[in-house]
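A.B. asks: Input: one structure, supplied below.
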Amino acid sequence: MAEDASDVEAWQAKTSAIDRVRAVAEAASKPLSVAHIAEEAQVSEDTAREHLERLEELSVLLKSEHGETTRYASDPLYSRLQTLRDLIDNNDRDELVALKDDLQDEIREWRNEYGVDSTEGLRKLAADTSTAAETRDIQHTARNWELVSYRLSIVEEALDYYARYCCDAQA
């Protein structure tokens with residue numbers, strides 16, 4: 001672990017074992033083994049396994065078997081619903097509309113800049129570039145476009161359900 005020992009000690013002092021296990025598992029970009037999560041969360045493997053099983057039961061994490069190794073990863077549906085809840089709780093309708101407009105503007109700019117209507121079109125364009133740097137730049141833009149499209153879908157969902165979830169929606 002590259003972090004300073006005092007930072008790890010402070011993290012341990014300020015957070016519970018289950019919160020550390022959850023933070024490590026949810027932050028990972030790929031499924032992690034119990035041993036890896038336990039080491040990063042500064043808990044025993046038995047403690048990590050107990051908390052991971054509980055988090056899986058609560059549909060916070062997904063469990064997968066890879067041979068003899070059990071791995072855990074963030075449940076994308078849970079993450080999406082948490083993001084949706086955060087958007088609704090922390091923004092009024094006008095702010096959500098403004099966020100939607102901003103995200104749509106970003107996509108519109110990429111469409112105009114590259115002359116394509118989708119990330120698939122952008123990836124095809126990347127295949128026809130003349131330099132590796134150009135290809136990397138276009139692939140980077142395609143990944144950003146996908147992320148912005150995903151965020152846009154959540155914002156649109158938040159707007160669709162705003163009246164149902166928010167107490168001041170009747171205003």
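For the structure tokens, the naming scheme is as follows: chains receive sequential letters (A, B, ...) according to their order of presentation, residues are indexed from 1 within each chain, and ligands are indexed from 1 in presentation order.
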Quick one: everything within 8 Å of Ala73 (chain A), counting only C-alpha atoms, minus sequence neighbours fewer than 5 positions away in the same chain. Send it as a ChimeraX atom specification.
C.D. replies: /A:25-26,28-32,61-63
A.B. asks: Quick one: everything within 8 Å of Val155 (chain A), counting only C-alpha atoms, minus sequence neighbours fewer than 3 positions away in the same chain. Send it as a list in words.
C.D. replies: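 Counting only C-alpha atoms, the residues come to Leu84, Leu87, Leu96, Leu99, Lys100, Arg151, Leu152, Ala158 and Leu159 of chain A.
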A.B. asks: Could you pull out the alpha helix (DSSP H) residues of chain A from DSSP and send them as a PyMOL selection string?
C.D. replies: chain A and resi 5-14+17-27+34-41+45-57+76-90+93-114+119-127+132-165
A.B. asks: Choose the residue, out of A:Ala163, A:Val60, A:Ala17, A:Ile138, that has the smallest atom-to-atom separation from Leu125 (chain A); count only C-alpha atoms.
C.D. replies: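 Using only C-alpha atoms, the shortest distance to Leu125 (chain A) belongs to A:Ile138.
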